[in-house]
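Undergrad: Contents of coords.cif (mmCIF, C-alpha atoms):
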```cif
data_data
#
loop_
_atom_site.label_atom_id
_atom_site.label_comp_id
_atom_site.auth_asym_id
_atom_site.auth_seq_id
_atom_site.Cartn_x
_atom_site.Cartn_y
_atom_site.Cartn_z
CA MET A 1 82.28 49.73 124.56
CA GLY A 2 84.15 51.10 121.58
CA LYS A 3 81.60 53.89 120.95
CA LYS A 4 81.74 55.01 124.61
CA ASN A 5 85.54 55.20 124.52
CA LYS A 6 85.42 57.30 121.34
CA GLN A 7 82.90 59.71 122.88
CA SER A 8 85.01 60.09 126.03
CA LYS A 9 88.11 60.80 123.89
CA ILE A 10 86.25 63.50 121.91
CA GLU A 11 85.05 65.12 125.16
CA ASN A 12 88.61 65.13 126.55
CA ASP A 13 89.94 66.68 123.32
CA ASN A 14 87.29 69.44 123.45
CA GLU A 15 88.24 70.19 127.06
CA LYS A 16 91.90 70.51 126.05
CA MET A 17 91.10 72.82 123.11
CA THR A 18 89.04 75.31 125.16
CA VAL A 19 91.20 78.07 126.65
CA PRO A 20 89.98 79.58 129.93
CA ASP A 21 89.06 83.28 129.94
CA GLY A 22 91.80 85.65 131.04
CA TRP A 23 94.60 83.12 130.44
CA LYS A 24 97.85 84.56 129.10
CA GLU A 25 101.00 82.90 127.88
CA PRO A 26 103.82 83.35 130.43
CA GLU A 27 106.39 85.98 129.47
CA PHE A 28 109.84 84.99 128.24
CA THR A 29 112.54 86.32 130.62
CA LYS A 30 116.36 86.29 130.81
CA GLU A 31 116.28 83.32 133.19
CA ASP A 32 114.54 81.15 130.55
CA TYR A 33 117.44 81.49 128.10
CA LYS A 34 120.82 81.58 129.82
CA ARG A 35 123.02 80.51 126.89
CA GLY A 36 124.06 83.01 124.22
CA PHE A 37 123.58 82.78 120.47
CA THR A 38 126.07 80.79 118.41
CA GLU A 39 125.52 82.90 115.26
CA LYS A 40 124.92 86.59 114.63
CA SER A 41 121.61 87.54 112.98
CA SER A 42 121.12 90.90 111.25
CA PHE A 43 118.38 92.51 109.16
CA GLY A 44 118.43 95.67 107.06
CA CYS A 45 115.78 97.93 105.59
CA LEU A 46 115.90 100.94 103.26
CA PHE A 47 113.78 104.02 103.93
CA PRO A 48 112.59 106.83 101.59
CA LYS A 49 114.19 110.27 101.68
CA TYR A 50 111.10 112.04 103.08
CA ARG A 51 111.37 109.87 106.24
CA GLU A 52 115.01 110.79 106.88
CA ASN A 53 114.39 113.69 109.30
CA TYR A 54 111.83 111.80 111.41
CA ILE A 55 113.97 108.64 111.66
CA LYS A 56 117.04 110.74 112.52
CA GLU A 57 115.14 112.39 115.40
CA SER A 58 113.58 109.18 116.77
CA TRP A 59 116.62 106.90 116.26
CA PRO A 60 118.19 107.56 119.72
CA LEU A 61 114.95 106.27 121.32
CA VAL A 62 114.97 103.16 119.10
CA LYS A 63 118.63 102.50 119.86
CA GLN A 64 118.13 102.94 123.61
CA ARG A 65 115.08 100.65 123.80
CA LEU A 66 116.68 97.84 121.76
CA SER A 67 120.03 97.93 123.58
CA ASN A 68 118.69 98.27 127.15
CA ASP A 69 115.79 95.78 126.98
CA PHE A 70 116.93 93.23 124.37
CA GLU A 71 120.71 93.73 123.89
CA ILE A 72 120.25 94.36 120.14
CA VAL A 73 122.52 96.74 118.21
CA ALA A 74 120.80 99.26 115.90
CA GLU A 75 122.68 101.21 113.20
CA LEU A 76 121.51 104.08 111.00
CA GLU A 77 123.28 104.90 107.69
CA LEU A 78 122.00 108.17 106.27
CA ILE A 79 124.25 108.09 103.17
CA GLU A 80 122.81 104.76 101.95
CA GLY A 81 119.41 105.45 103.53
CA SER A 82 119.24 102.20 105.50
CA MET A 83 118.55 100.86 109.01
CA ILE A 84 120.29 97.73 110.33
CA VAL A 85 119.53 95.68 113.47
CA SER A 86 121.75 92.81 114.61
CA SER A 87 121.93 90.46 117.59
CA THR A 88 124.88 90.17 120.00
CA LYS A 89 126.24 87.52 122.39
CA LYS A 90 124.27 89.13 125.22
CA THR A 91 120.90 88.91 123.38
CA TRP A 92 118.66 86.64 125.48
CA ASP A 93 115.35 86.65 123.50
CA PRO A 94 115.61 84.61 120.25
CA TYR A 95 112.50 86.21 118.71
CA ALA A 96 113.45 89.80 119.61
CA ILE A 97 115.55 90.19 116.43
CA ILE A 98 112.45 89.35 114.31
CA ASN A 99 110.46 91.99 116.21
CA ALA A 100 113.30 94.49 115.68
CA ARG A 101 113.20 93.74 111.94
CA ASP A 102 109.46 94.48 111.91
CA LEU A 103 110.10 97.68 113.87
CA ILE A 104 112.47 99.17 111.27
CA ARG A 105 110.15 98.12 108.44
CA LEU A 106 107.23 99.93 110.07
CA LEU A 107 109.34 103.05 110.64
CA ALA A 108 110.24 103.03 106.92
CA ARG A 109 106.50 102.83 106.04
CA SER A 110 105.67 106.12 107.90
CA VAL A 111 104.40 104.48 111.11
CA PRO A 112 105.13 106.76 114.12
CA TYR A 113 107.65 105.56 116.73
CA GLU A 114 105.02 105.34 119.52
CA LYS A 115 103.00 102.79 117.52
CA ALA A 116 105.92 100.92 115.90
CA ILE A 117 107.70 100.23 119.21
CA THR A 118 104.69 98.22 120.47
CA VAL A 119 105.79 95.40 118.10
CA MET A 120 108.53 94.55 120.60
CA ASN A 121 105.84 93.23 122.98
CA ASP A 122 105.09 89.49 122.86
CA ASP A 123 101.32 89.86 122.30
CA VAL A 124 101.58 92.46 119.48
CA PHE A 125 102.23 91.56 115.83
CA CYS A 126 102.31 93.41 112.51
CA ASP A 127 101.57 92.90 108.83
CA ILE A 128 102.59 95.08 105.88
CA ILE A 129 100.07 94.46 103.09
CA LYS A 130 101.36 95.28 99.59
CA ILE A 131 98.50 96.68 97.50
CA GLY A 132 100.44 98.29 94.63
CA ARG A 133 100.14 95.34 92.23
CA LEU A 134 96.57 94.30 93.06
CA VAL A 135 95.14 96.90 90.63
CA ASN A 136 96.72 97.60 87.23
CA ASN A 137 95.10 100.96 86.46
CA ARG A 138 96.61 103.82 88.55
CA GLU A 139 93.45 105.97 88.72
CA ARG A 140 91.35 102.97 89.76
CA PHE A 141 93.96 102.06 92.40
CA ILE A 142 93.83 105.58 93.94
CA ARG A 143 90.01 105.49 94.05
CA ARG A 144 89.92 102.08 95.77
CA ARG A 145 92.67 103.06 98.22
CA GLN A 146 90.66 106.18 99.14
CA ARG A 147 87.70 103.93 100.03
CA LEU A 148 89.79 102.42 102.86
CA VAL A 149 90.39 105.87 104.35
CA GLY A 150 86.87 107.24 103.73
CA THR A 151 85.65 110.79 104.24
CA LYS A 152 87.72 112.42 107.01
CA GLY A 153 89.15 108.98 107.90
CA CYS A 154 85.78 107.58 109.12
CA THR A 155 86.17 104.19 107.39
CA LEU A 156 89.72 103.76 108.73
CA LYS A 157 88.55 104.51 112.30
CA ALA A 158 85.74 101.95 111.95
CA ILE A 159 88.25 99.31 110.76
CA GLU A 160 90.52 100.09 113.73
CA LEU A 161 87.65 99.79 116.24
CA LEU A 162 86.35 96.48 114.85
CA THR A 163 89.74 94.81 114.37
CA GLU A 164 91.33 96.39 117.49
CA CYS A 165 94.41 97.17 115.38
CA TYR A 166 96.32 100.25 114.29
CA VAL A 167 95.98 100.67 110.51
CA LEU A 168 97.97 103.11 108.34
CA VAL A 169 97.52 103.53 104.58
CA GLN A 170 100.69 104.89 102.98
CA GLY A 171 101.61 104.74 99.29
CA ASN A 172 101.51 101.19 97.95
CA THR A 173 101.29 99.51 101.37
CA VAL A 174 98.92 99.21 104.35
CA SER A 175 100.58 98.70 107.76
CA VAL A 176 98.58 96.85 110.44
CA ILE A 177 99.64 96.47 114.11
CA GLY A 178 97.67 94.35 116.59
CA ASN A 179 96.78 90.76 117.48
CA HIS A 180 96.61 87.85 115.01
CA LYS A 181 92.81 87.80 114.86
CA GLY A 182 92.52 91.52 114.12
CA ILE A 183 95.32 91.47 111.52
CA LYS A 184 93.54 88.65 109.66
CA LYS A 185 90.30 90.68 109.55
CA ALA A 186 92.11 93.86 108.46
CA ARG A 187 93.92 92.01 105.64
CA LYS A 188 90.59 90.65 104.35
CA ILE A 189 89.07 94.17 104.31
CA VAL A 190 92.08 95.62 102.46
CA VAL A 191 92.32 92.85 99.84
CA ASP A 192 88.55 92.92 99.24
CA ALA A 193 88.64 96.71 98.82
CA MET A 194 91.33 96.37 96.16
CA ASN A 195 89.17 93.70 94.44
CA ASN A 196 86.30 96.22 94.13
CA VAL A 197 84.36 95.14 97.26
CA HIS A 198 83.50 98.26 99.27
CA PRO A 199 84.80 98.18 102.89
CA VAL A 200 81.33 99.12 104.19
CA TYR A 201 80.01 95.62 103.34
CA THR A 202 82.78 93.82 105.25
CA ILE A 203 82.48 96.29 108.16
CA LYS A 204 78.74 95.49 108.45
CA SER A 205 79.41 91.74 108.60
CA LEU A 206 82.19 92.29 111.20
CA MET A 207 79.81 94.31 113.38
CA VAL A 208 77.31 91.42 113.34
CA GLN A 209 80.10 88.93 114.16
CA LYS A 210 81.22 91.05 117.13
CA GLU A 211 77.68 91.06 118.57
CA LEU A 212 77.40 87.28 118.11
CA GLU A 213 80.75 86.70 119.86
CA ASN A 214 79.46 88.46 122.99
CA ASP A 215 76.29 86.30 123.04
CA ASP A 216 76.89 83.12 125.09
CA LYS A 217 74.10 81.14 123.38
CA LEU A 218 75.10 81.87 119.79
CA ARG A 219 78.88 81.87 120.28
CA ASN A 220 79.40 78.25 119.21
CA GLU A 221 76.66 78.09 116.53
CA ASP A 222 76.66 78.65 112.79
CA TRP A 223 76.50 82.40 111.99
CA SER A 224 75.76 82.17 108.27
CA ARG A 225 72.03 82.89 108.76
CA PHE A 226 72.76 86.09 110.72
CA LEU A 227 75.41 87.56 108.41
CA PRO A 228 74.14 90.02 105.76
CA LYS A 229 74.18 88.82 102.16
CA PHE A 230 74.89 91.33 99.42
CA LYS A 231 74.07 90.79 95.78
CA LYS A 232 75.93 92.30 92.87
CA GLN A 233 73.93 95.01 91.16
CA ASN A 234 75.20 95.48 87.64
CA LYS A 235 73.28 98.15 85.77
CA LYS A 236 72.20 97.08 82.31
CA THR A 237 73.64 99.34 79.67
CA THR A 238 71.46 100.16 76.68
CA LYS A 239 73.06 98.84 73.53
CA ILE A 240 73.08 101.20 70.55
CA LYS A 241 71.59 99.50 67.53
CA ILE A 242 73.81 99.73 64.47
CA LYS A 243 71.84 100.38 61.32
CA ASN A 244 72.82 98.34 58.31
CA LYS A 245 74.23 100.69 55.70
CA LYS A 246 73.33 100.05 52.09
CA LYS A 247 76.25 98.79 50.11
CA GLU A 248 77.12 100.83 47.06
CA LEU A 249 77.26 98.97 43.78
CA TYR A 250 80.37 100.81 42.61
CA PRO A 251 83.00 101.82 45.15
CA PRO A 252 84.33 105.42 45.02
CA LEU A 253 87.31 106.04 42.77
CA PRO A 254 90.71 106.41 44.42
CA PRO A 255 92.40 109.85 44.42
CA MET A 256 94.35 110.73 41.28
CA SER A 257 98.03 109.93 41.31
CA LYS A 258 100.80 112.15 39.94
CA ILE A 259 100.98 110.18 36.68
CA ASP A 260 97.19 110.42 36.23
CA LYS A 261 97.38 114.21 36.55
CA GLN A 262 100.22 114.36 34.00
CA LEU A 263 98.23 112.20 31.59
CA GLU A 264 95.21 114.47 31.97
CA SER A 265 97.21 117.68 31.34
CA GLY A 266 99.35 116.10 28.58
CA GLU A 267 102.70 116.63 30.35
CA PHE A 268 103.35 112.90 30.36
CA PHE A 269 103.87 112.87 26.58
CA MET A 270 106.26 115.87 26.55
CA ASN A 271 110.03 115.68 26.43
CA LYS A 272 111.98 115.84 29.68
CA GLU A 273 113.12 119.40 28.93
CA LEU A 274 109.57 120.56 28.25
CA GLN A 275 108.40 118.83 31.43
CA LYS A 276 111.03 120.69 33.46
CA LYS A 277 110.03 124.01 31.88
CA ALA A 278 106.35 123.35 32.64
CA ILE A 279 107.18 122.59 36.28
CA ILE A 280 109.30 125.77 36.58
CA ASN A 281 106.55 127.92 35.02
CA ARG A 282 103.98 126.44 37.39
CA LYS A 283 106.17 127.19 40.41
CA LYS A 284 106.72 130.78 39.20
CA GLU A 285 102.98 131.32 38.92
CA GLN A 286 102.42 129.96 42.42
CA HIS A 287 105.19 132.22 43.74
CA LYS A 288 103.62 135.29 42.05
CA GLN A 289 100.21 134.54 43.57
CA LYS A 290 101.68 134.15 47.05
CA SER A 291 103.70 137.38 46.74
CA LYS A 292 100.55 139.27 45.65
CA GLU A 293 98.68 137.92 48.69
CA ARG A 294 101.48 139.05 51.02
CA ILE A 295 101.56 142.57 49.50
CA ASN A 296 97.77 142.87 49.86
CA LYS A 297 97.98 141.85 53.52
CA ARG A 298 100.65 144.49 54.20
CA LYS A 299 98.60 147.19 52.43
CA GLN A 300 95.56 146.47 54.60
CA ASP A 301 97.40 147.82 57.66
CA PHE A 302 97.76 151.25 55.98
CA ILE A 303 94.14 151.56 54.85
CA ALA A 304 92.29 154.02 57.07
CA PRO A 305 89.14 152.68 58.73
CA SER A 306 85.83 154.07 57.55
CA ASP A 307 84.41 156.88 59.69
CA PRO A 308 81.19 156.08 61.53
CA VAL A 309 78.12 157.75 60.07
CA ILE A 310 76.43 160.03 62.61
CA GLU A 311 72.78 160.57 61.97
CA PRO A 312 71.39 164.08 62.68
CA LYS A 313 69.26 164.30 65.76
CA LYS A 314 65.59 164.87 65.17
CA SER A 315 64.33 168.15 66.60
CA LYS A 316 61.63 167.78 69.15
CA LYS A 317 58.37 169.38 68.19
CA ASN A 318 57.11 171.95 70.64
#
```
What do you get writing this file as structure tokens?
TA:
Amino acid sequence: MGKKNKQSKIENDNEKMTVPDGWKEPEFTKEDYKRGFTEKSSFGCLFPKYRENYIKESWPLVKQRLSNDFEIVAELELIEGSMIVSSTKKTWDPYAIINARDLIRLLARSVPYEKAITVMNDDVFCDIIKIGRLVNNRERFIRRRQRLVGTKGCTLKAIELLTECYVLVQGNTVSVIGNHKGIKKARKIVVDAMNNVHPVYTIKSLMVQKELENDDKLRNEDWSRFLPKFKKQNKKTTKIKIKNKKKELYPPLPPMSKIDKQLESGEFFMNKELQKKAIINRKKEQHKQKSKERINKRKQDFIAPSDPVIEPKKSKKN
């Protein structure tokens, strides 16, 4: 009897877990939340200078949408370069302030207004993936970031089609807008690309997964046998053989020091006065040689070049 009860419980749990096709969560309206907020919530975000003109132009639309639909106040401070959103007593949606925070963050990361404003919908979410610190070398980082975009943006379009999300690569971040499932896939592609896994490999596996999802028979089965498996191909580098050099019995002598030179010439045993005179005489000789070289160089400019020798033409024999 106990086993039968357990089986019936498992069947009931499976029935509860399955969500019927086409089911949507009911929308949150003003009637669902009649009481106001007890505390004021506000979020701020800085934006770069190159985004100032675009944000200034699109800010009236942002302000109008937030105030009319959600009763949220939006402020723009151009001197500090910041955007601030805050709730009021009339704000009826508790989660709208979080969506407004995501909206200003996306605007700061070069996402256009038409795409960023979709975050205010209940079924749309966003994720800003920071990729700046995933790779230490700057040149390597730029190369791996370019792989996400691809030639003429082909790779980025493929990622958007498979994940059903809007993806924008800008600077040290990647902005993703869409549903939870698509954002999770997009994050995996981005992080793998920064860890030196080409996006093409993950795109191929996602394409296979999408086909298996549409198949009713294979939807609830293990997909590991269908997914492509890629092996690492590390090219073997030819090692240069180092030849053993024969060790010399006697190491080479070190260069002569100043005292060694004086001992060799005999200056070391002279008096201090004689040493000074010898140094002065040596410097005078060096100065004379250099002055002669300079005079010879100057004289070369006044020497006329040698005339070219013209050979007489040979007369043609009749």
Undergrad: I'd like to see the residues matched by the PyMOL selection byres ((chain A and resi 116-120) around 9) on this file, and ideally I'd get them as an mmCIF file with C-alpha atoms, in the coordinates of the input.
TA:
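As a result, selection30.cif now contains:
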```cif
data_model
loop_
_atom_site.group_PDB
_atom_site.id
_atom_site.type_symbol
_atom_site.label_atom_id
_atom_site.label_comp_id
_atom_site.auth_asym_id
_atom_site.auth_seq_id
_atom_site.Cartn_x
_atom_site.Cartn_y
_atom_site.Cartn_z
ATOM 1 C CA VAL A 62 114.970 103.160 119.100
ATOM 2 C CA ARG A 65 115.080 100.650 123.800
ATOM 3 C CA LEU A 66 116.680 97.840 121.760
ATOM 4 C CA ALA A 96 113.450 89.800 119.610
ATOM 5 C CA ASN A 99 110.460 91.990 116.210
ATOM 6 C CA ALA A 100 113.300 94.490 115.680
ATOM 7 C CA ASP A 102 109.460 94.480 111.910
ATOM 8 C CA LEU A 103 110.100 97.680 113.870
ATOM 9 C CA ILE A 104 112.470 99.170 111.270
ATOM 10 C CA LEU A 106 107.230 99.930 110.070
ATOM 11 C CA LEU A 107 109.340 103.050 110.640
ATOM 12 C CA VAL A 111 104.400 104.480 111.110
ATOM 13 C CA PRO A 112 105.130 106.760 114.120
ATOM 14 C CA TYR A 113 107.650 105.560 116.730
ATOM 15 C CA GLU A 114 105.020 105.340 119.520
ATOM 16 C CA LYS A 115 103.000 102.790 117.520
ATOM 17 C CA ASN A 121 105.840 93.230 122.980
ATOM 18 C CA ASP A 122 105.090 89.490 122.860
ATOM 19 C CA ASP A 123 101.320 89.860 122.300
ATOM 20 C CA VAL A 124 101.580 92.460 119.480
ATOM 21 C CA PHE A 125 102.230 91.560 115.830
ATOM 22 C CA CYS A 126 102.310 93.410 112.510
ATOM 23 C CA ILE A 177 99.640 96.470 114.110
ATOM 24 C CA GLY A 178 97.670 94.350 116.590
#
```
Undergrad: Can you list, as a PyMOL selection string, every protein, DNA or RNA residue that comes within 10 Å of A:Gly44 when you count only C-alpha atoms, leaving out same-chain residues fewer than 5 positions away?
TA: chain A and resi 74-76+82-86+101+104-105
Undergrad: Quick one: pull the distance between atom CA of A:Asp215 and atom CA of A:Leu156, Å, one decimal.
TA: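 Value for the atom CA of A:Asp215-atom CA of A:Leu156 distance: 26.3 Å.
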Undergrad: Determine, counting all atoms listed in the file, which protein, DNA and RNA residues have an atom within 7 Å of an atom of stretch 30-38 of chain A; residues of the same chain fewer than 5 positions away are not included. Present the result as a compact mmCIF listing (two decimals) with C-alpha atoms, in the coordinates of the input.
TA:
```txt
# COMPACT_ATOMS: atom_id res chain seq x y z
CA LYS A 89 126.24 87.52 122.39
CA LYS A 90 124.27 89.13 125.22
CA THR A 91 120.90 88.91 123.38
CA TRP A 92 118.66 86.64 125.48
```
Undergrad: Report, in Å with one decimal, the straight-line distance from atom CA of A:Lys185 to atom CA of A:Lys217.
TA: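 Calculated distance between atom CA of A:Lys185 and atom CA of A:Lys217 is 23.3 Å.
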Undergrad: Taking the file as shown, find all residues satisfying the PyMOL selection byres ((chain A and resi 128) around 7) and write them as a ChimeraX atom specification.
TA: /A:126-127,129-130,173-176
Undergrad: So that I can check the surroundings of A:Arg145, please list as number ranges by chain every protein, DNA and RNA residue that reaches within 9 Å of it, counting only C-alpha atoms and ignoring chain neighbours fewer than 3 positions away.
TA: A: 131, 140-142, 148-149, 169, 190, 193-194
Undergrad: Residues at most 12 Å from A:Leu212, counting only C-alpha atoms, excluding those fewer than 2 positions away in the same chain, as number ranges by chain?
TA: A: 205-210, 214-227
Undergrad: Provide the atom CA of A:Met256 to atom CA of A:Lys290 distance in Å, to one decimal place.
TA: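 For atom CA of A:Met256 relative to atom CA of A:Lys290, the distance reads 25.2 Å.
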Undergrad: In terms of the shortest atom-to-atom distance over all atoms listed in the file, which of A:Glu267, A:Glu164, A:Glu52, A:Glu213 is closest to A:Gly81?
TA: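 Checking each of A:Glu267, A:Glu164, A:Glu52, A:Glu213 against A:Gly81, counting all atoms listed in the file, the winner is A:Glu52.
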Undergrad: Write out as a CSV table (one decimal) with C-alpha atoms, in the frame of the given file the residues lying within 12 Å of A:Asn53, counting all atoms listed in the file and excluding same-chain residues fewer than 2 positions away.
TA:
```
chain,number,residue,atom,x,y,z
A,47,PHE,CA,113.8,104.0,103.9
A,48,PRO,CA,112.6,106.8,101.6
A,49,LYS,CA,114.2,110.3,101.7
A,50,TYR,CA,111.1,112.0,103.1
A,51,ARG,CA,111.4,109.9,106.2
A,55,ILE,CA,114.0,108.6,111.7
A,56,LYS,CA,117.0,110.7,112.5
A,57,GLU,CA,115.1,112.4,115.4
A,58,SER,CA,113.6,109.2,116.8
A,59,TRP,CA,116.6,106.9,116.3
A,78,LEU,CA,122.0,108.2,106.3
A,81,GLY,CA,119.4,105.4,103.5
A,107,LEU,CA,109.3,103.0,110.6
A,108,ALA,CA,110.2,103.0,106.9
A,110,SER,CA,105.7,106.1,107.9
```
